[in-house]
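Raw contents of start.cif, mmCIF, C-alpha atoms and all ligand atoms:
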data_final
loop_
_atom_site.label_atom_id
_atom_site.label_comp_id
_atom_site.auth_asym_id
_atom_site.auth_seq_id
_atom_site.Cartn_x
_atom_site.Cartn_y
_atom_site.Cartn_z
CA MET X 196 87.18 79.87 122.67
CA THR X 197 86.31 82.97 120.67
CA ALA X 198 87.41 82.69 117.07
CA ARG X 199 89.81 85.13 115.44
CA ILE X 200 88.01 87.06 112.73
CA ILE X 201 89.52 86.83 109.25
CA ASP X 202 89.05 90.41 108.10
CA GLY X 203 88.62 90.02 104.35
CA LYS X 204 87.76 93.67 103.91
CA THR X 205 91.08 94.91 105.28
CA ILE X 206 93.12 92.21 103.52
CA ALA X 207 91.35 93.05 100.25
CA GLN X 208 92.17 96.75 100.69
CA GLU X 209 95.85 95.95 101.28
CA LEU X 210 95.97 93.76 98.19
CA ARG X 211 94.19 96.35 96.06
CA ALA X 212 96.85 98.89 97.06
CA GLU X 213 99.47 96.37 95.82
CA TRP X 214 97.53 95.78 92.60
CA LYS X 215 97.34 99.56 92.00
CA VAL X 216 101.13 99.76 91.85
CA ARG X 217 101.03 97.18 89.03
CA VAL X 218 98.27 99.12 87.23
CA ASP X 219 100.26 102.36 87.51
CA ALA X 220 103.36 100.62 86.12
CA LEU X 221 101.38 99.28 83.15
CA LYS X 222 99.85 102.69 82.55
CA ALA X 223 103.30 104.29 82.57
CA ARG X 224 104.12 101.90 79.72
CA GLY X 225 100.98 102.96 77.82
CA ILE X 226 98.74 100.02 78.77
CA THR X 227 95.52 100.38 80.75
CA PRO X 228 94.22 96.97 81.84
CA GLY X 229 90.60 96.68 80.73
CA LEU X 230 87.75 94.51 81.96
CA ALA X 231 84.43 93.98 80.17
CA VAL X 232 81.47 92.65 82.13
CA ILE X 233 78.39 91.47 80.26
CA ILE X 234 75.10 91.13 82.10
CA VAL X 235 71.98 89.73 80.47
CA GLY X 236 68.65 90.50 82.11
CA GLU X 237 67.53 92.26 85.25
CA ASP X 238 68.52 89.96 88.13
CA PRO X 239 68.83 92.45 91.04
CA ALA X 240 71.66 90.58 92.84
CA SER X 241 73.63 90.28 89.59
CA LYS X 242 73.18 94.00 88.93
CA VAL X 243 74.63 94.78 92.38
CA TYR X 244 77.61 92.42 91.80
CA VAL X 245 78.34 93.95 88.38
CA GLY X 246 78.06 97.49 89.77
CA ASN X 247 80.51 96.58 92.56
CA LYS X 248 82.98 95.09 90.07
CA VAL X 249 82.92 98.15 87.81
CA LYS X 250 83.28 100.54 90.78
CA ALA X 251 86.17 98.58 92.32
CA CYS X 252 88.01 98.50 88.98
CA ALA X 253 87.74 102.28 88.63
CA GLU X 254 89.16 102.74 92.15
CA ILE X 255 92.51 101.25 91.17
CA GLY X 256 92.60 102.75 87.68
CA LEU X 257 91.41 99.82 85.59
CA TYR X 258 89.33 100.56 82.52
CA SER X 259 86.00 98.76 82.61
CA GLU X 260 83.07 98.34 80.26
CA HIS X 261 79.67 97.36 81.59
CA ILE X 262 77.53 95.86 78.84
CA ALA X 263 73.88 95.41 79.88
CA LEU X 264 71.79 93.35 77.46
CA PRO X 265 68.02 92.81 77.75
CA ALA X 266 66.69 89.51 79.18
CA ASP X 267 65.34 88.44 75.75
CA THR X 268 68.76 88.77 74.05
CA GLN X 269 69.32 85.94 71.59
CA GLU X 270 72.23 83.58 72.18
CA THR X 271 73.68 84.50 68.75
CA THR X 272 73.69 88.19 69.70
CA LEU X 273 75.54 87.44 72.92
CA LEU X 274 78.06 85.21 71.11
CA ALA X 275 78.66 87.98 68.54
CA LYS X 276 79.32 90.48 71.35
CA ILE X 277 81.80 88.08 72.96
CA ALA X 278 83.57 87.56 69.61
CA GLU X 279 83.91 91.33 69.26
CA LEU X 280 85.34 91.76 72.77
CA ASN X 281 87.71 88.80 72.29
CA VAL X 282 89.59 90.85 69.68
CA ASN X 283 89.17 94.28 71.26
CA PRO X 284 92.71 95.38 72.30
CA ALA X 285 91.37 97.64 75.09
CA ILE X 286 89.85 94.59 76.83
CA HIS X 287 92.15 92.17 78.65
CA GLY X 288 89.54 90.44 80.77
CA LEU X 289 86.01 89.46 79.83
CA LEU X 290 83.36 87.97 82.07
CA ILE X 291 79.74 87.06 81.73
CA GLN X 292 77.72 87.54 84.88
CA LEU X 293 75.98 84.29 85.78
CA PRO X 294 73.27 83.06 85.91
CA LEU X 295 72.18 83.64 82.31
CA PRO X 296 68.50 83.47 81.27
CA ASN X 297 67.32 79.88 80.62
CA HIS X 298 67.09 80.23 76.82
CA ILE X 299 70.87 80.79 76.64
CA ASP X 300 73.26 77.83 76.85
CA SER X 301 75.79 79.02 79.47
CA HIS X 302 78.30 76.27 78.55
CA LYS X 303 78.36 77.47 74.96
CA VAL X 304 78.74 81.07 76.09
CA LEU X 305 81.62 80.34 78.49
CA GLU X 306 83.39 78.36 75.75
CA ALA X 307 83.13 81.36 73.44
CA ILE X 308 85.29 83.55 75.69
CA SER X 309 88.93 83.63 74.66
CA PRO X 310 90.81 81.54 77.27
CA ASN X 311 93.39 84.37 77.38
CA LYS X 312 90.72 86.82 78.53
CA ASP X 313 88.78 84.39 80.74
CA VAL X 314 89.39 86.23 84.02
CA ASP X 315 86.63 84.30 85.82
CA GLY X 316 88.47 81.06 84.96
CA PHE X 317 85.29 79.31 83.77
CA HIS X 318 86.36 78.39 80.21
CA PRO X 319 86.64 74.56 79.98
CA MET X 320 90.30 74.94 79.00
CA ASN X 321 91.08 76.88 82.18
CA VAL X 322 88.91 74.56 84.28
CA GLY X 323 90.84 71.57 82.88
CA ALA X 324 94.14 73.30 83.49
CA LEU X 325 93.09 73.92 87.09
CA VAL X 326 93.07 70.16 87.58
CA THR X 327 96.72 69.97 86.55
CA GLY X 328 97.61 73.17 88.43
CA THR X 329 98.37 75.17 85.27
CA THR X 330 95.30 77.34 84.81
CA LEU X 331 95.78 80.80 83.31
CA PHE X 332 93.15 82.27 85.61
CA PRO X 333 92.19 80.70 88.97
CA PRO X 334 88.47 81.25 89.71
CA CYS X 335 88.17 84.32 91.90
CA THR X 336 86.19 83.17 94.96
CA PRO X 337 88.29 80.08 95.74
CA SER X 338 91.55 81.87 94.91
CA GLY X 339 90.44 84.73 97.19
CA THR X 340 89.87 82.17 99.94
CA MET X 341 93.36 80.71 99.40
CA LYS X 342 94.78 84.23 99.64
CA LEU X 343 92.97 84.78 102.97
CA LEU X 344 94.46 81.55 104.36
CA GLU X 345 97.92 82.60 103.13
CA LYS X 346 97.62 86.11 104.61
CA MET X 347 96.50 84.68 107.98
CA GLY X 348 99.49 82.31 107.97
CA ILE X 349 97.21 79.28 108.16
CA GLU X 350 98.95 75.99 107.30
CA ILE X 351 97.15 73.84 104.75
CA GLU X 352 99.57 71.00 104.16
CA GLY X 353 98.49 67.79 105.86
CA LYS X 354 95.29 69.33 107.21
CA HIS X 355 91.86 67.83 106.69
CA ALA X 356 89.93 70.34 104.57
CA VAL X 357 86.20 69.76 104.17
CA VAL X 358 84.39 71.66 101.42
CA VAL X 359 80.61 71.72 101.68
CA GLY X 360 79.20 72.38 98.19
CA ARG X 361 80.35 71.16 94.76
CA SER X 362 79.40 73.92 92.32
CA ASN X 363 81.62 74.48 89.30
CA ILE X 364 82.36 78.05 90.33
CA VAL X 365 83.06 77.59 94.05
CA GLY X 366 83.05 74.11 95.62
CA LYS X 367 84.94 72.08 93.01
CA PRO X 368 87.73 74.59 92.27
CA MET X 369 88.04 75.25 96.01
CA ALA X 370 88.60 71.56 96.68
CA LEU X 371 91.20 71.38 93.89
CA MET X 372 93.13 74.36 95.21
CA LEU X 373 93.23 72.89 98.71
CA LEU X 374 94.37 69.59 97.22
CA HIS X 375 97.17 71.35 95.28
CA ASN X 376 98.30 72.69 98.63
CA SER X 377 98.47 69.15 100.04
CA ALA X 378 95.39 69.18 102.23
CA THR X 379 93.45 65.94 102.61
CA VAL X 380 90.19 66.99 101.00
CA THR X 381 86.62 65.82 101.55
CA ILE X 382 83.79 67.24 99.45
CA CYS X 383 80.23 67.17 100.84
CA THR X 384 77.03 67.71 98.88
CA SER X 385 73.30 67.86 99.54
CA LYS X 386 73.33 64.07 99.30
CA THR X 387 75.98 63.57 102.00
CA MET X 388 74.65 61.50 104.87
CA ASN X 389 75.48 62.67 108.38
CA LEU X 390 77.15 65.90 107.28
CA GLY X 391 78.23 66.72 110.84
CA LYS X 392 80.45 63.63 110.93
CA TYR X 393 82.60 65.22 108.21
CA THR X 394 82.42 68.86 109.27
CA ARG X 395 83.36 67.98 112.86
CA ASP X 396 86.52 66.34 111.56
CA ALA X 397 87.59 69.39 109.50
CA ASP X 398 90.69 71.39 110.41
CA ILE X 399 89.66 73.75 107.61
CA LEU X 400 85.94 73.94 106.86
CA VAL X 401 84.81 75.78 103.73
CA VAL X 402 81.08 76.20 103.26
CA ALA X 403 79.47 77.23 99.95
CA THR X 404 75.87 76.05 99.84
CA GLY X 405 73.64 79.12 99.75
CA LYS X 406 71.74 77.77 102.79
CA PRO X 407 71.66 80.38 105.56
CA HIS X 408 73.02 79.30 108.96
CA MET X 409 73.17 75.60 108.02
CA ILE X 410 76.49 75.01 109.80
CA THR X 411 76.14 75.49 113.54
CA GLY X 412 78.76 75.53 116.29
CA ASP X 413 78.10 71.89 117.24
CA MET X 414 79.16 70.86 113.70
CA ILE X 415 82.61 72.45 114.05
CA LYS X 416 85.80 71.00 115.49
CA PRO X 417 87.19 73.18 118.32
CA GLY X 418 89.89 75.47 116.91
CA ALA X 419 89.01 74.83 113.25
CA VAL X 420 89.37 77.43 110.50
CA VAL X 421 85.90 78.22 109.17
CA ILE X 422 85.49 79.90 105.79
CA ASP X 423 81.95 80.99 105.04
CA ILE X 424 81.49 81.66 101.34
CA GLY X 425 77.71 81.88 101.40
CA ILE X 426 75.94 85.17 100.83
CA ASN X 427 72.25 85.01 101.67
CA ARG X 428 69.73 87.80 102.00
CA LEU X 429 67.18 87.07 104.74
CA PRO X 430 63.55 88.24 104.39
CA ASN X 431 64.37 91.04 106.88
CA GLY X 432 67.07 92.30 104.48
CA LYS X 433 70.01 91.12 106.59
CA LEU X 434 72.97 89.56 104.78
CA VAL X 435 74.16 86.30 106.34
CA GLY X 436 76.44 83.41 105.43
CA ASP X 437 75.92 79.64 105.41
CA VAL X 438 77.48 79.39 108.88
CA ASP X 439 75.68 80.38 112.07
CA PHE X 440 78.26 82.99 113.04
CA GLU X 441 77.18 83.33 116.67
CA SER X 442 77.51 79.67 117.66
CA ALA X 443 80.46 79.04 115.31
CA THR X 444 82.64 81.79 116.83
CA GLU X 445 82.36 80.04 120.21
CA VAL X 446 84.08 76.95 118.79
CA ALA X 447 86.20 77.87 115.78
CA GLY X 448 89.78 79.11 115.89
CA TYR X 449 89.34 81.42 112.89
CA ILE X 450 86.23 82.50 111.03
CA THR X 451 85.29 84.73 108.10
CA PRO X 452 82.34 87.07 108.74
CA VAL X 453 79.56 87.72 106.21
CA PRO X 454 79.71 90.38 104.96
CA GLY X 455 83.38 91.37 105.07
CA GLY X 456 85.04 87.95 104.71
CA VAL X 457 85.38 86.19 101.37
CA GLY X 458 83.11 88.60 99.45
CA PRO X 459 85.60 91.50 99.09
CA MET X 460 88.30 89.01 98.04
CA THR X 461 86.35 87.80 95.00
CA ILE X 462 86.47 91.18 93.28
CA THR X 463 90.07 91.69 94.39
CA MET X 464 91.12 88.46 92.66
CA LEU X 465 89.15 89.46 89.56
CA MET X 466 91.26 92.62 89.40
CA ALA X 467 94.41 90.55 89.87
CA ASN X 468 93.43 88.29 86.96
CA THR X 469 92.70 91.28 84.73
CA ILE X 470 96.05 92.89 85.54
CA GLU X 471 97.78 89.55 84.98
CA ALA X 472 96.07 89.27 81.57
CA ALA X 473 97.36 92.70 80.56
CA GLU X 474 100.90 91.93 81.81
CA ARG X 475 100.91 88.64 79.90
CA GLU X 476 99.74 90.27 76.70
CA GLU X 477 102.47 92.90 77.01
CA LYS X 478 105.11 90.17 77.30
CA GLN X 479 103.79 88.48 74.16
CA GLU X 480 103.92 91.66 72.06
P1 LIG Z 501 75.18 76.42 94.02
O1 LIG Z 501 73.72 76.48 94.35
O2 LIG Z 501 75.61 76.33 92.61
O3 LIG Z 501 75.78 75.15 94.80
C1 LIG Z 501 75.46 74.88 96.12
C2 LIG Z 501 76.11 73.60 96.54
O4 LIG Z 501 75.79 73.36 97.90
C3 LIG Z 501 75.65 72.37 95.75
O5 LIG Z 501 76.75 71.59 95.39
C4 LIG Z 501 74.74 71.62 96.73
O6 LIG Z 501 74.80 70.22 96.61
C5 LIG Z 501 75.36 72.02 98.06
N1 LIG Z 501 74.37 71.94 99.13
C6 LIG Z 501 73.16 72.52 99.17
N2 LIG Z 501 72.51 72.19 100.32
C7 LIG Z 501 73.36 71.38 101.00
C8 LIG Z 501 73.27 70.71 102.23
N3 LIG Z 501 72.18 70.79 103.01
N4 LIG Z 501 74.32 69.97 102.64
C9 LIG Z 501 75.44 69.87 101.88
N5 LIG Z 501 75.57 70.49 100.68
C10 LIG Z 501 74.54 71.23 100.25
O7 LIG Z 501 75.84 77.65 94.77
P2 LIG Z 501 77.27 78.40 94.55
O8 LIG Z 501 78.36 77.44 94.77
O9 LIG Z 501 77.23 79.20 93.32
O10 LIG Z 501 77.21 79.43 95.77
C11 LIG Z 501 77.17 78.97 97.11
C12 LIG Z 501 77.03 80.18 98.01
O11 LIG Z 501 78.18 81.00 97.86
C13 LIG Z 501 75.83 81.08 97.70
O12 LIG Z 501 75.35 81.61 98.91
C14 LIG Z 501 76.43 82.19 96.87
O13 LIG Z 501 75.71 83.40 96.97
C15 LIG Z 501 77.78 82.31 97.51
N6 LIG Z 501 78.80 82.89 96.65
C16 LIG Z 501 79.61 83.82 97.21
C17 LIG Z 501 80.61 84.38 96.49
C18 LIG Z 501 81.51 85.36 97.16
O14 LIG Z 501 82.12 86.16 96.49
N7 LIG Z 501 81.63 85.28 98.48
C19 LIG Z 501 80.82 84.07 95.07
C20 LIG Z 501 79.98 82.99 94.60
C21 LIG Z 501 78.99 82.45 95.37
P3 LIG Z 501 74.23 69.41 95.32
O15 LIG Z 501 75.29 69.61 94.27
O16 LIG Z 501 74.13 68.02 95.79
O17 LIG Z 501 72.93 70.05 94.97
#

Translate the structure described by the file into structure tokens.
Ligand code: NDP
Amino acid sequence: MTARIIDGKTIAQELRAEWKVRVDALKARGITPGLAVIIVGEDPASKVYVGNKVKACAEIGLYSEHIALPADTQETTLLAKIAELNVNPAIHGLLIQLPLPNHIDSHKVLEAISPNKDVDGFHPMNVGALVTGTTLFPPCTPSGTMKLLEKMGIEIEGKHAVVVGRSNIVGKPMALMLLHNSATVTICTSKTMNLGKYTRDADILVVATGKPHMITGDMIKPGAVVIDIGINRLPNGKLVGDVDFESATEVAGYITPVPGGVGPMTITMLMANTIEAAEREEKQE
């Protein structure tokens, strides 16, 4: 079998065209949805991600502010900046690019963001609400994955979904979203014994470990849907996922490529959350 490619790039473009209609409608009513992105320090990957977010926002007419703070910024300075943006009417969505430098308590920082502007969905209030299925902002990477499954017409209900990775920003919310859609969910971690036993039983396999090529074709059930969230830069500069694409495509039914799979969806869902924030605020006025 050769797997069908889930073309995240094309799906993201289609969705962005839909989002633009919503932005234009808001603008016609005098509201420009605005996103502020704060980056602390010089992490090269983070700088690329922030640049991509700002560029993508501009493409569909969102206002965006890119706030770059030096690596030695004090926590109090960052908290003061967040407090200022929380009440800035031009800003509907606010995100802090992670990871933060070690001297800053990221939990404290995420808690400082107004839950109404928390477009990354990382505020403890939104994380808690995700458990009950009532979050204001679903975290962008897992919600982008859910959108890909929806767009491909892939059934989730009753399926065995295996999520490899349990981070707060990807693995855990991913598992919750699949559970809300009535999948039977297994979560695997670095401590899981005999990982292949679980992955080979997955109808839907989602991998978010940051370990290049760790899932190989022999670990995949024939015909399974394989979602590769990993983004890894090899020493030769090549970008690869956590799944060995070559061997996996021989076995899987569907697969996301890296790049061009989940990656473009993350920013697309960030835009959706920002637009949603602006629409919500308008309704409350
Ligand atoms: P983290 O490092 O925070 O978490 C990795 C998770 O993988 C941990 O839970 C870890 O387990 C688990 N893990 C590591 N090795 C193994 C193993 N051998 N077997 C099973 N589980 C393992 O990473 P993130 O969740 O933040 O990111 C994961 C990947 O997704 C990265 O490549 C990242 O770049 C990418 N990413 C992509 C995005 C996109 O837009 N496509 C957005 C965000 C991230 P344990 O908890 O036991 O240590």

Write out as a list in words each polymer residue whose atoms come within 10 Å of Glu445 in chain X, counting only C-alpha atoms; drop sequence neighbours fewer than 5 positions from it. Met196, Thr197, Ala198, Gly412, Asp413, Ile415, Pro417, Gly418 and Phe440 of chain X

Around ligand LIG 501 (chain Z), out to 9 Å and counting only C-alpha atoms and all ligand atoms, which residues are there? I want them as a PyMOL selection string. chain X and resi 335-337+339-340+358-367+382-388+390+402-407+409+423-428+435-437+453-454+456-462

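If you measure from each of X:Pro310, X:Gly391, X:Pro265, X:Pro296 to Ile277 in chain X using only C-alpha atoms, the closest one turns out to be X:Pro310.
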
Mind checking which residues fall within 8 Å of Pro334 in chain X, counting all atoms listed in the file, ignoring those fewer than 5 positions away in the same chain, and posting them as a CSV table (one decimal) with C-alpha atoms, in the frame of the given file?
chain,number,residue,atom,x,y,z
X,314,VAL,CA,89.4,86.2,84.0
X,315,ASP,CA,86.6,84.3,85.8
X,316,GLY,CA,88.5,81.1,85.0
X,317,PHE,CA,85.3,79.3,83.8
X,364,ILE,CA,82.4,78.0,90.3
X,365,VAL,CA,83.1,77.6,94.0
X,368,PRO,CA,87.7,74.6,92.3

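Take the candidates X:Gly256, X:Arg211, X:Ala356, X:Lys392 and check each one against Thr379 in chain X using all atoms listed in the file; the shortest distance goes to X:Ala356.
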